[in-house]
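Text of protein_16.cif, listed as mmCIF, N, CA and C atoms:
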```cif
data_target
#
loop_
_atom_site.group_PDB
_atom_site.id
_atom_site.type_symbol
_atom_site.label_atom_id
_atom_site.label_comp_id
_atom_site.auth_asym_id
_atom_site.auth_seq_id
_atom_site.Cartn_x
_atom_site.Cartn_y
_atom_site.Cartn_z
ATOM 1 N N GLU A 1 -89.546 -135.940 114.268
ATOM 2 C CA GLU A 1 -90.524 -135.414 113.326
ATOM 3 C C GLU A 1 -91.408 -134.366 114.011
ATOM 4 N N SER A 2 -91.812 -134.652 115.237
ATOM 5 C CA SER A 2 -92.641 -133.708 115.989
ATOM 6 C C SER A 2 -91.876 -132.409 116.265
ATOM 7 N N ALA A 3 -90.608 -132.524 116.656
ATOM 8 C CA ALA A 3 -89.791 -131.332 116.914
ATOM 9 C C ALA A 3 -89.644 -130.494 115.655
ATOM 10 N N ARG A 4 -89.413 -131.165 114.529
ATOM 11 C CA ARG A 4 -89.286 -130.428 113.266
ATOM 12 C C ARG A 4 -90.592 -129.726 112.913
ATOM 13 N N ASP A 5 -91.693 -130.446 113.032
ATOM 14 C CA ASP A 5 -93.001 -129.869 112.699
ATOM 15 C C ASP A 5 -93.360 -128.689 113.598
ATOM 16 N N ASN A 6 -92.914 -128.762 114.860
ATOM 17 C CA ASN A 6 -93.241 -127.712 115.827
ATOM 18 C C ASN A 6 -92.120 -126.704 116.034
ATOM 19 N N LYS A 7 -91.048 -126.832 115.231
ATOM 20 C CA LYS A 7 -89.915 -125.907 115.260
ATOM 21 C C LYS A 7 -89.301 -125.802 116.661
ATOM 22 N N LEU A 8 -89.008 -126.962 117.244
ATOM 23 C CA LEU A 8 -88.441 -127.036 118.584
ATOM 24 C C LEU A 8 -87.018 -127.592 118.542
ATOM 25 N N GLY A 9 -86.236 -127.301 119.581
ATOM 26 C CA GLY A 9 -84.875 -127.826 119.679
ATOM 27 C C GLY A 9 -84.020 -127.363 118.513
ATOM 28 N N ILE A 10 -83.359 -128.314 117.848
ATOM 29 C CA ILE A 10 -82.485 -127.956 116.724
ATOM 30 C C ILE A 10 -83.265 -127.394 115.540
ATOM 31 N N TRP A 11 -84.571 -127.507 115.570
ATOM 32 C CA TRP A 11 -85.419 -127.011 114.487
ATOM 33 C C TRP A 11 -85.980 -125.620 114.770
ATOM 34 N N LYS A 12 -85.585 -125.020 115.908
ATOM 35 C CA LYS A 12 -86.061 -123.675 116.230
ATOM 36 C C LYS A 12 -85.581 -122.711 115.148
ATOM 37 N N GLN A 13 -86.516 -121.977 114.577
ATOM 38 C CA GLN A 13 -86.183 -121.098 113.465
ATOM 39 C C GLN A 13 -85.684 -119.739 113.941
ATOM 40 N N SER A 14 -84.732 -119.230 113.207
ATOM 41 C CA SER A 14 -84.203 -117.893 113.413
ATOM 42 C C SER A 14 -85.234 -116.862 112.963
ATOM 43 N N THR A 15 -85.111 -115.666 113.490
ATOM 44 C CA THR A 15 -85.955 -114.564 113.008
ATOM 45 C C THR A 15 -85.611 -114.237 111.559
ATOM 46 N N LYS A 16 -84.448 -114.705 111.103
ATOM 47 C CA LYS A 16 -84.026 -114.484 109.709
ATOM 48 C C LYS A 16 -84.304 -115.696 108.819
ATOM 49 N N HIS A 17 -85.078 -116.642 109.320
ATOM 50 C CA HIS A 17 -85.382 -117.848 108.545
ATOM 51 C C HIS A 17 -85.931 -117.472 107.166
ATOM 52 N N GLY A 18 -85.352 -118.081 106.133
ATOM 53 C CA GLY A 18 -85.811 -117.851 104.766
ATOM 54 C C GLY A 18 -85.148 -116.689 104.050
ATOM 55 N N CYS A 19 -84.174 -116.029 104.683
ATOM 56 C CA CYS A 19 -83.538 -114.867 104.042
ATOM 57 C C CYS A 19 -82.409 -115.267 103.090
ATOM 58 N N LEU A 20 -82.132 -116.558 102.988
ATOM 59 C CA LEU A 20 -81.138 -117.029 102.023
ATOM 60 C C LEU A 20 -81.539 -118.416 101.542
ATOM 61 N N ASN A 21 -80.895 -118.846 100.477
ATOM 62 C CA ASN A 21 -81.048 -120.228 100.023
ATOM 63 C C ASN A 21 -79.696 -120.720 99.540
ATOM 64 N N ALA A 22 -79.579 -122.024 99.441
ATOM 65 C CA ALA A 22 -78.307 -122.635 99.072
ATOM 66 C C ALA A 22 -78.547 -123.790 98.117
ATOM 67 N N GLU A 23 -77.591 -123.980 97.239
ATOM 68 C CA GLU A 23 -77.656 -125.081 96.279
ATOM 69 C C GLU A 23 -76.360 -125.873 96.361
ATOM 70 N N ILE A 24 -76.472 -127.135 96.743
ATOM 71 C CA ILE A 24 -75.309 -128.008 96.859
ATOM 72 C C ILE A 24 -74.986 -128.617 95.503
ATOM 73 N N ASN A 25 -73.709 -128.569 95.131
ATOM 74 C CA ASN A 25 -73.222 -129.286 93.961
ATOM 75 C C ASN A 25 -72.317 -130.389 94.510
ATOM 76 N N LYS A 26 -72.896 -131.569 94.717
ATOM 77 C CA LYS A 26 -72.161 -132.654 95.365
ATOM 78 C C LYS A 26 -71.002 -133.164 94.529
ATOM 79 N N LYS A 27 -71.095 -133.082 93.218
ATOM 80 C CA LYS A 27 -70.000 -133.542 92.348
ATOM 81 C C LYS A 27 -68.806 -132.597 92.419
ATOM 82 N N GLU A 28 -69.071 -131.291 92.454
ATOM 83 C CA GLU A 28 -67.991 -130.303 92.518
ATOM 84 C C GLU A 28 -67.623 -129.927 93.949
ATOM 85 N N GLU A 29 -68.329 -130.535 94.939
ATOM 86 C CA GLU A 29 -68.055 -130.264 96.348
ATOM 87 C C GLU A 29 -68.119 -128.765 96.645
ATOM 88 N N SER A 30 -69.264 -128.165 96.329
ATOM 89 C CA SER A 30 -69.445 -126.742 96.589
ATOM 90 C C SER A 30 -70.895 -126.437 96.932
ATOM 91 N N VAL A 31 -71.091 -125.263 97.511
ATOM 92 C CA VAL A 31 -72.429 -124.770 97.837
ATOM 93 C C VAL A 31 -72.516 -123.334 97.356
ATOM 94 N N ILE A 32 -73.513 -123.045 96.549
ATOM 95 C CA ILE A 32 -73.781 -121.673 96.113
ATOM 96 C C ILE A 32 -74.819 -121.101 97.058
ATOM 97 N N VAL A 33 -74.497 -119.965 97.669
ATOM 98 C CA VAL A 33 -75.407 -119.327 98.618
ATOM 99 C C VAL A 33 -75.874 -117.995 98.045
ATOM 100 N N ASN A 34 -77.186 -117.834 97.977
ATOM 101 C CA ASN A 34 -77.800 -116.559 97.614
ATOM 102 C C ASN A 34 -78.248 -115.926 98.927
ATOM 103 N N ASN A 35 -77.570 -114.855 99.298
ATOM 104 C CA ASN A 35 -77.698 -114.260 100.625
ATOM 105 C C ASN A 35 -78.528 -112.983 100.600
ATOM 106 N N GLY A 36 -79.619 -112.997 101.327
ATOM 107 C CA GLY A 36 -80.410 -111.796 101.527
ATOM 108 C C GLY A 36 -80.433 -111.405 102.994
ATOM 109 N N CYS A 37 -79.520 -111.973 103.772
ATOM 110 C CA CYS A 37 -79.511 -111.794 105.233
ATOM 111 C C CYS A 37 -78.603 -110.669 105.696
ATOM 112 N N GLY A 38 -77.659 -110.252 104.876
ATOM 113 C CA GLY A 38 -76.650 -109.299 105.328
ATOM 114 C C GLY A 38 -75.413 -110.035 105.805
ATOM 115 N N ASN A 39 -74.785 -109.528 106.852
ATOM 116 C CA ASN A 39 -73.544 -110.094 107.367
ATOM 117 C C ASN A 39 -73.811 -111.436 108.056
ATOM 118 N N LEU A 40 -73.040 -112.444 107.713
ATOM 119 C CA LEU A 40 -73.201 -113.786 108.263
ATOM 120 C C LEU A 40 -72.163 -114.116 109.338
ATOM 121 N N ASN A 41 -71.494 -113.120 109.868
ATOM 122 C CA ASN A 41 -70.440 -113.336 110.857
ATOM 123 C C ASN A 41 -70.967 -114.151 112.043
ATOM 124 N N GLY A 42 -70.288 -115.263 112.340
ATOM 125 C CA GLY A 42 -70.668 -116.120 113.444
ATOM 126 C C GLY A 42 -71.703 -117.174 113.100
ATOM 127 N N TRP A 43 -72.226 -117.144 111.892
ATOM 128 C CA TRP A 43 -73.189 -118.152 111.451
ATOM 129 C C TRP A 43 -72.435 -119.418 111.065
ATOM 130 N N THR A 44 -73.138 -120.553 111.035
ATOM 131 C CA THR A 44 -72.513 -121.810 110.654
ATOM 132 C C THR A 44 -73.299 -122.511 109.557
ATOM 133 N N LEU A 45 -72.559 -123.231 108.751
ATOM 134 C CA LEU A 45 -73.123 -124.110 107.734
ATOM 135 C C LEU A 45 -72.651 -125.506 108.101
ATOM 136 N N LYS A 46 -73.562 -126.470 108.095
ATOM 137 C CA LYS A 46 -73.218 -127.818 108.536
ATOM 138 C C LYS A 46 -73.845 -128.837 107.599
ATOM 139 N N ASP A 47 -73.137 -129.934 107.391
ATOM 140 C CA ASP A 47 -73.725 -131.049 106.654
ATOM 141 C C ASP A 47 -74.448 -131.946 107.648
ATOM 142 N N GLU A 48 -74.892 -133.097 107.195
ATOM 143 C CA GLU A 48 -75.646 -134.007 108.060
ATOM 144 C C GLU A 48 -74.782 -134.645 109.151
ATOM 145 N N SER A 49 -73.488 -134.743 108.903
ATOM 146 C CA SER A 49 -72.607 -135.360 109.900
ATOM 147 C C SER A 49 -72.036 -134.276 110.819
ATOM 148 N N THR A 50 -70.766 -134.347 111.091
ATOM 149 C CA THR A 50 -70.144 -133.418 112.050
ATOM 150 C C THR A 50 -69.346 -132.301 111.395
ATOM 151 N N LYS A 51 -69.420 -132.170 110.109
ATOM 152 C CA LYS A 51 -68.621 -131.159 109.420
ATOM 153 C C LYS A 51 -69.359 -129.817 109.457
ATOM 154 N N ASP A 52 -68.689 -128.800 110.019
ATOM 155 C CA ASP A 52 -69.316 -127.488 110.020
ATOM 156 C C ASP A 52 -68.312 -126.414 109.627
ATOM 157 N N TYR A 53 -68.858 -125.328 109.076
ATOM 158 C CA TYR A 53 -68.067 -124.195 108.621
ATOM 159 C C TYR A 53 -68.605 -122.959 109.324
ATOM 160 N N ARG A 54 -67.718 -122.151 109.920
ATOM 161 C CA ARG A 54 -68.127 -120.918 110.583
ATOM 162 C C ARG A 54 -67.787 -119.733 109.692
ATOM 163 N N PHE A 55 -68.805 -118.943 109.404
ATOM 164 C CA PHE A 55 -68.609 -117.760 108.571
ATOM 165 C C PHE A 55 -67.936 -116.645 109.365
ATOM 166 N N GLY A 56 -67.069 -115.930 108.674
ATOM 167 C CA GLY A 56 -66.470 -114.709 109.213
ATOM 168 C C GLY A 56 -67.269 -113.519 108.706
ATOM 169 N N GLU A 57 -66.610 -112.419 108.521
ATOM 170 C CA GLU A 57 -67.260 -111.194 108.024
ATOM 171 C C GLU A 57 -67.604 -111.371 106.548
ATOM 172 N N ILE A 58 -68.762 -111.937 106.292
ATOM 173 C CA ILE A 58 -69.195 -112.192 104.923
ATOM 174 C C ILE A 58 -70.415 -111.344 104.623
ATOM 175 N N GLU A 59 -70.297 -110.542 103.608
ATOM 176 C CA GLU A 59 -71.444 -109.822 103.103
ATOM 177 C C GLU A 59 -71.429 -109.984 101.596
ATOM 178 N N GLY A 60 -72.564 -109.966 101.016
ATOM 179 C CA GLY A 60 -72.664 -110.124 99.578
ATOM 180 C C GLY A 60 -73.915 -110.897 99.255
ATOM 181 N N ASN A 61 -74.420 -110.669 98.069
ATOM 182 C CA ASN A 61 -75.669 -111.306 97.671
ATOM 183 C C ASN A 61 -75.503 -112.748 97.227
ATOM 184 N N LYS A 62 -74.292 -113.089 96.765
ATOM 185 C CA LYS A 62 -74.076 -114.446 96.271
ATOM 186 C C LYS A 62 -72.605 -114.806 96.445
ATOM 187 N N PHE A 63 -72.366 -116.023 96.937
ATOM 188 C CA PHE A 63 -71.002 -116.520 97.035
ATOM 189 C C PHE A 63 -71.036 -118.031 96.934
ATOM 190 N N ILE A 64 -69.852 -118.621 96.757
ATOM 191 C CA ILE A 64 -69.730 -120.067 96.656
ATOM 192 C C ILE A 64 -68.731 -120.541 97.705
ATOM 193 N N LEU A 65 -69.094 -121.606 98.399
ATOM 194 C CA LEU A 65 -68.234 -122.217 99.405
ATOM 195 C C LEU A 65 -67.760 -123.555 98.868
ATOM 196 N N TYR A 66 -66.448 -123.662 98.643
ATOM 197 C CA TYR A 66 -65.848 -124.904 98.162
ATOM 198 C C TYR A 66 -65.398 -125.736 99.353
ATOM 199 N N SER A 67 -65.572 -127.042 99.279
ATOM 200 C CA SER A 67 -65.166 -127.938 100.370
ATOM 201 C C SER A 67 -63.656 -128.081 100.481
ATOM 202 N N GLU A 68 -62.949 -127.860 99.417
ATOM 203 C CA GLU A 68 -61.502 -128.062 99.372
ATOM 204 C C GLU A 68 -60.733 -126.920 100.034
ATOM 205 N N LYS A 69 -59.408 -127.080 100.079
ATOM 206 C CA LYS A 69 -58.532 -126.034 100.583
ATOM 207 C C LYS A 69 -58.329 -124.978 99.509
ATOM 208 N N GLY A 70 -58.124 -123.757 99.931
ATOM 209 C CA GLY A 70 -57.860 -122.663 99.013
ATOM 210 C C GLY A 70 -57.783 -121.359 99.781
ATOM 211 N N ILE A 71 -57.632 -120.292 99.059
ATOM 212 C CA ILE A 71 -57.537 -118.963 99.658
ATOM 213 C C ILE A 71 -58.813 -118.204 99.316
ATOM 214 N N ASP A 72 -59.504 -117.715 100.359
ATOM 215 C CA ASP A 72 -60.729 -116.949 100.148
ATOM 216 C C ASP A 72 -60.437 -115.711 99.309
ATOM 217 N N LYS A 73 -61.347 -115.422 98.383
ATOM 218 C CA LYS A 73 -61.267 -114.196 97.592
ATOM 219 C C LYS A 73 -62.697 -113.793 97.258
ATOM 220 N N ASP A 74 -62.872 -112.728 96.555
ATOM 221 C CA ASP A 74 -64.193 -112.185 96.264
ATOM 222 C C ASP A 74 -65.172 -113.259 95.801
ATOM 223 N N GLY A 75 -66.183 -113.501 96.614
ATOM 224 C CA GLY A 75 -67.242 -114.417 96.231
ATOM 225 C C GLY A 75 -66.896 -115.895 96.288
ATOM 226 N N GLU A 76 -65.680 -116.231 96.702
ATOM 227 C CA GLU A 76 -65.260 -117.631 96.804
ATOM 228 C C GLU A 76 -64.643 -117.885 98.174
ATOM 229 N N LEU A 77 -65.224 -118.858 98.881
ATOM 230 C CA LEU A 77 -64.729 -119.247 100.197
ATOM 231 C C LEU A 77 -64.280 -120.699 100.145
ATOM 232 N N TYR A 78 -63.337 -121.065 101.008
ATOM 233 C CA TYR A 78 -62.798 -122.420 101.026
ATOM 234 C C TYR A 78 -62.881 -122.991 102.436
ATOM 235 N N TRP A 79 -63.495 -124.171 102.534
ATOM 236 C CA TRP A 79 -63.759 -124.848 103.793
ATOM 237 C C TRP A 79 -62.512 -125.568 104.304
ATOM 238 N N GLY A 80 -61.731 -126.165 103.391
ATOM 239 C CA GLY A 80 -60.533 -126.896 103.781
ATOM 240 C C GLY A 80 -60.809 -128.274 104.345
ATOM 241 N N ARG A 81 -61.961 -128.866 104.013
ATOM 242 C CA ARG A 81 -62.340 -130.174 104.552
ATOM 243 C C ARG A 81 -62.231 -131.302 103.542
ATOM 244 N N GLY A 82 -61.972 -131.019 102.289
ATOM 245 C CA GLY A 82 -61.983 -132.082 101.283
ATOM 246 C C GLY A 82 -63.410 -132.467 100.955
ATOM 247 N N GLU A 83 -63.687 -133.749 100.950
ATOM 248 C CA GLU A 83 -65.033 -134.210 100.612
ATOM 249 C C GLU A 83 -65.988 -133.994 101.783
ATOM 250 N N VAL A 84 -67.096 -133.325 101.514
ATOM 251 C CA VAL A 84 -68.105 -133.056 102.532
ATOM 252 C C VAL A 84 -69.443 -133.665 102.132
ATOM 253 N N TRP A 85 -69.854 -133.445 100.901
ATOM 254 C CA TRP A 85 -71.209 -133.799 100.464
ATOM 255 C C TRP A 85 -71.262 -135.219 99.920
ATOM 256 N N ASN A 86 -72.096 -136.055 100.530
ATOM 257 C CA ASN A 86 -72.270 -137.440 100.093
ATOM 258 C C ASN A 86 -72.979 -137.487 98.744
ATOM 259 N N ASP A 87 -72.620 -138.454 97.918
ATOM 260 C CA ASP A 87 -73.233 -138.569 96.599
ATOM 261 C C ASP A 87 -74.661 -139.089 96.656
ATOM 262 N N ASP A 88 -74.998 -139.896 97.666
ATOM 263 C CA ASP A 88 -76.332 -140.496 97.705
ATOM 264 C C ASP A 88 -77.352 -139.655 98.474
ATOM 265 N N LYS A 89 -76.991 -139.180 99.669
ATOM 266 C CA LYS A 89 -77.919 -138.366 100.444
ATOM 267 C C LYS A 89 -77.161 -137.542 101.470
ATOM 268 N N ASP A 90 -77.689 -136.376 101.768
ATOM 269 C CA ASP A 90 -77.070 -135.489 102.747
ATOM 270 C C ASP A 90 -78.053 -134.363 103.057
ATOM 271 N N SER A 91 -77.701 -133.551 104.039
ATOM 272 C CA SER A 91 -78.516 -132.405 104.431
ATOM 273 C C SER A 91 -77.617 -131.214 104.680
ATOM 274 N N ILE A 92 -78.186 -130.027 104.552
ATOM 275 C CA ILE A 92 -77.475 -128.791 104.844
ATOM 276 C C ILE A 92 -78.290 -127.994 105.854
ATOM 277 N N PHE A 93 -77.583 -127.490 106.865
ATOM 278 C CA PHE A 93 -78.176 -126.640 107.887
ATOM 279 C C PHE A 93 -77.372 -125.346 107.924
ATOM 280 N N ILE A 94 -78.027 -124.213 107.873
ATOM 281 C CA ILE A 94 -77.356 -122.931 108.080
ATOM 282 C C ILE A 94 -78.027 -122.294 109.293
ATOM 283 N N ARG A 95 -77.189 -121.941 110.273
ATOM 284 C CA ARG A 95 -77.703 -121.408 111.540
ATOM 285 C C ARG A 95 -77.118 -120.029 111.826
ATOM 286 N N ASP A 96 -77.920 -119.196 112.487
ATOM 287 C CA ASP A 96 -77.449 -117.867 112.857
ATOM 288 C C ASP A 96 -76.489 -117.954 114.047
ATOM 289 N N GLU A 97 -76.030 -116.804 114.515
ATOM 290 C CA GLU A 97 -75.048 -116.767 115.605
ATOM 291 C C GLU A 97 -75.581 -117.338 116.914
ATOM 292 N N ARG A 98 -76.882 -117.481 117.042
ATOM 293 C CA ARG A 98 -77.486 -118.067 118.244
ATOM 294 C C ARG A 98 -77.765 -119.567 118.083
ATOM 295 N N GLY A 99 -77.474 -120.096 116.901
ATOM 296 C CA GLY A 99 -77.696 -121.513 116.641
ATOM 297 C C GLY A 99 -79.085 -121.832 116.125
ATOM 298 N N ASN A 100 -79.861 -120.803 115.830
ATOM 299 C CA ASN A 100 -81.210 -121.023 115.316
ATOM 300 C C ASN A 100 -81.188 -121.223 113.805
ATOM 301 N N LEU A 101 -82.095 -122.041 113.323
ATOM 302 C CA LEU A 101 -82.117 -122.463 111.929
ATOM 303 C C LEU A 101 -82.564 -121.344 110.989
ATOM 304 N N VAL A 102 -81.702 -121.044 110.020
ATOM 305 C CA VAL A 102 -82.018 -120.065 108.985
ATOM 306 C C VAL A 102 -82.421 -120.781 107.708
ATOM 307 N N TYR A 103 -81.734 -121.904 107.418
ATOM 308 C CA TYR A 103 -81.980 -122.625 106.169
ATOM 309 C C TYR A 103 -81.723 -124.110 106.379
ATOM 310 N N TYR A 104 -82.576 -124.931 105.765
ATOM 311 C CA TYR A 104 -82.398 -126.386 105.785
ATOM 312 C C TYR A 104 -82.844 -126.948 104.449
ATOM 313 N N ASP A 105 -82.103 -127.931 103.975
ATOM 314 C CA ASP A 105 -82.505 -128.684 102.782
ATOM 315 C C ASP A 105 -81.799 -130.032 102.843
ATOM 316 N N SER A 106 -82.325 -130.993 102.100
ATOM 317 C CA SER A 106 -81.706 -132.310 102.024
ATOM 318 C C SER A 106 -81.938 -132.893 100.635
ATOM 319 N N TYR A 107 -81.166 -133.898 100.316
ATOM 320 C CA TYR A 107 -81.359 -134.608 99.048
ATOM 321 C C TYR A 107 -81.154 -136.091 99.271
ATOM 322 N N GLY A 108 -81.793 -136.906 98.432
ATOM 323 C CA GLY A 108 -81.616 -138.344 98.473
ATOM 324 C C GLY A 108 -82.520 -139.080 99.433
ATOM 325 N N TYR A 109 -83.442 -138.388 100.055
ATOM 326 C CA TYR A 109 -84.354 -139.052 101.007
ATOM 327 C C TYR A 109 -85.719 -139.232 100.412
#
```
Take the structure in this file and express it as structure tokens.
Amino acid sequence: ESARDNKLGIWKQSTKHGCLNAEINKKEESVIVNNGCGNLNGWTLKDESTKDYRFGEIEGNKFILYSEKGIDKDGELYWGRGEVWNDDKDSIFIRDERGNLVYYDSYGY
């Protein structure tokens, strides 16, 4: 709690903190990202456990990341992990290429 409050360790904020937001749809196993950061190449999106997704050359103001397998196309990305988001509670972390926190949210707590 102290580290989070003081933005230390895994809670260290990126200089781009707050430049995007995300909305998890746990039933449809997807995340809608509204991106104001520019290119997300090398950034990661992670759930509360060990599942993480590394972005490639992604630019665009809005896209959706599906947990299932599929072929990436305009505005739609596929993680290939199957079920990622827990129905009762989970968290989302989006980090820049240096591992600093750009976005965090949780539900069910």
Name the residues that the PyMOL selection byres ((chain A and resi 95) around 8) picks from the file above, as a PDB file with N, CA and C atoms, keeping the file's coordinate frame, using the file's chain letters and numbers.
```pdb
ATOM      1  N   SER A  14     -84.732-119.230 113.207  1.00  0.00           N
ATOM      2  CA  SER A  14     -84.203-117.893 113.413  1.00  0.00           C
ATOM      3  C   SER A  14     -85.234-116.862 112.963  1.00  0.00           C
ATOM      4  N   GLY A  42     -70.288-115.263 112.340  1.00  0.00           N
ATOM      5  CA  GLY A  42     -70.668-116.120 113.444  1.00  0.00           C
ATOM      6  C   GLY A  42     -71.703-117.174 113.100  1.00  0.00           C
ATOM      7  N   TRP A  43     -72.226-117.144 111.892  1.00  0.00           N
ATOM      8  CA  TRP A  43     -73.189-118.152 111.451  1.00  0.00           C
ATOM      9  C   TRP A  43     -72.435-119.418 111.065  1.00  0.00           C
ATOM     10  N   THR A  44     -73.138-120.553 111.035  1.00  0.00           N
ATOM     11  CA  THR A  44     -72.513-121.810 110.654  1.00  0.00           C
ATOM     12  C   THR A  44     -73.299-122.511 109.557  1.00  0.00           C
ATOM     13  N   LEU A  45     -72.559-123.231 108.751  1.00  0.00           N
ATOM     14  CA  LEU A  45     -73.123-124.110 107.734  1.00  0.00           C
ATOM     15  C   LEU A  45     -72.651-125.506 108.101  1.00  0.00           C
ATOM     16  N   LYS A  46     -73.562-126.470 108.095  1.00  0.00           N
ATOM     17  CA  LYS A  46     -73.218-127.818 108.536  1.00  0.00           C
ATOM     18  C   LYS A  46     -73.845-128.837 107.599  1.00  0.00           C
ATOM     19  N   ILE A  92     -78.186-130.027 104.552  1.00  0.00           N
ATOM     20  CA  ILE A  92     -77.475-128.791 104.844  1.00  0.00           C
ATOM     21  C   ILE A  92     -78.290-127.994 105.854  1.00  0.00           C
ATOM     22  N   PHE A  93     -77.583-127.490 106.865  1.00  0.00           N
ATOM     23  CA  PHE A  93     -78.176-126.640 107.887  1.00  0.00           C
ATOM     24  C   PHE A  93     -77.372-125.346 107.924  1.00  0.00           C
ATOM     25  N   ILE A  94     -78.027-124.213 107.873  1.00  0.00           N
ATOM     26  CA  ILE A  94     -77.356-122.931 108.080  1.00  0.00           C
ATOM     27  C   ILE A  94     -78.027-122.294 109.293  1.00  0.00           C
ATOM     28  N   ASP A  96     -77.920-119.196 112.487  1.00  0.00           N
ATOM     29  CA  ASP A  96     -77.449-117.867 112.857  1.00  0.00           C
ATOM     30  C   ASP A  96     -76.489-117.954 114.047  1.00  0.00           C
ATOM     31  N   GLU A  97     -76.030-116.804 114.515  1.00  0.00           N
ATOM     32  CA  GLU A  97     -75.048-116.767 115.605  1.00  0.00           C
ATOM     33  C   GLU A  97     -75.581-117.338 116.914  1.00  0.00           C
ATOM     34  N   ARG A  98     -76.882-117.481 117.042  1.00  0.00           N
ATOM     35  CA  ARG A  98     -77.486-118.067 118.244  1.00  0.00           C
ATOM     36  C   ARG A  98     -77.765-119.567 118.083  1.00  0.00           C
ATOM     37  N   GLY A  99     -77.474-120.096 116.901  1.00  0.00           N
ATOM     38  CA  GLY A  99     -77.696-121.513 116.641  1.00  0.00           C
ATOM     39  C   GLY A  99     -79.085-121.832 116.125  1.00  0.00           C
ATOM     40  N   ASN A 100     -79.861-120.803 115.830  1.00  0.00           N
ATOM     41  CA  ASN A 100     -81.210-121.023 115.316  1.00  0.00           C
ATOM     42  C   ASN A 100     -81.188-121.223 113.805  1.00  0.00           C
ATOM     43  N   LEU A 101     -82.095-122.041 113.323  1.00  0.00           N
ATOM     44  CA  LEU A 101     -82.117-122.463 111.929  1.00  0.00           C
ATOM     45  C   LEU A 101     -82.564-121.344 110.989  1.00  0.00           C
ATOM     46  N   VAL A 102     -81.702-121.044 110.020  1.00  0.00           N
ATOM     47  CA  VAL A 102     -82.018-120.065 108.985  1.00  0.00           C
ATOM     48  C   VAL A 102     -82.421-120.781 107.708  1.00  0.00           C
ATOM     49  N   TYR A 103     -81.734-121.904 107.418  1.00  0.00           N
ATOM     50  CA  TYR A 103     -81.980-122.625 106.169  1.00  0.00           C
ATOM     51  C   TYR A 103     -81.723-124.110 106.379  1.00  0.00           C
ATOM     52  N   TYR A 104     -82.576-124.931 105.765  1.00  0.00           N
ATOM     53  CA  TYR A 104     -82.398-126.386 105.785  1.00  0.00           C
ATOM     54  C   TYR A 104     -82.844-126.948 104.449  1.00  0.00           C
TER      55      TYR A 104
END
```
Using DSSP on the backbone coordinates, identify the residues of stretch 7-92 of chain A assigned to strand (DSSP E or B); present them as a PyMOL selection string.
chain A and resi 13+20-25+30-35+44-46+52-54+62-66+73+76-78+90-92
For the structure provided, state which residues fall under the PyMOL selection byres (((chain A and resi 86 and name CA) around 12) and name CA), and present them as a list in words.
Ile24, Asn25, Lys26, Lys27, Glu28, Glu29, Ser30, Asp47, Glu48, Ser49, Lys51, Ser67, Gly82, Glu83, Val84, Trp85, Asp87, Asp88, Lys89, Asp90, Ser91, Ile92, Ser106, Tyr107 and Gly108 of chain A
Which residue gives the smallest distance to A:Glu76 among A:Lys62, A:Asn34, A:Arg4, A:Lys16, with only C-alpha atoms counted?
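Of the candidates, the smallest distance to A:Glu76 is held by A:Lys62.
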Residues at most 6.5 Å from A:Gly36, counting all atoms listed in the file, excluding those fewer than 3 positions away in the same chain, as an MDAnalysis selection string?
chainID A and resid 19:21 60:61
Please write as number ranges by chain the full residue list that the PyMOL selection byres (((chain A and resi 77 and name CA) around 9) and name CA) yields on this file.
A: 63-67, 70-76, 78-79
note - atom N of A:Glu68 and atom CA of A:Gly80 are separated by 5.1 Å
Could you check how far atom CA of A:Asn39 sits from atom CA of A:Lys7, in Å to one decimal?
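Here the two named atoms are 24.1 Å from each other.
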Among stretch 5-98 of chain A, which residues carry a DSSP assignment of helix (DSSP H, G or I), reported as a PyMOL selection string?
chain A and resi 5+9-11
What is the atom CA of A:Asp5 to atom CA of A:Gly18 distance in Å?
16.1 Å
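Using only N, CA and C atoms, the smallest distance between any of A:Lys69, A:Ala3, A:Asn35, A:Phe55 and A:Ala22 comes from A:Asn35.
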Nearest-residue call for A:Gly38, choices A:Asp52, A:Glu23, A:Ser2, A:Ile58, using all atoms listed in the file
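Nearest candidate to A:Gly38 out of A:Asp52, A:Glu23, A:Ser2, A:Ile58: A:Ile58.
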Would you compute an axis-aligned box for stretch 20-38 of chain A, covering every atom listed for it in the file with 4 Å of margin on each side, and report centre and edge lengths in Å to one decimal as lines of an AutoDock Vina configuration file?
```
center_x = -74.9
center_y = -121.4
center_z = 99.1
size_x = 22.5
size_y = 32.2
size_z = 21.5
```
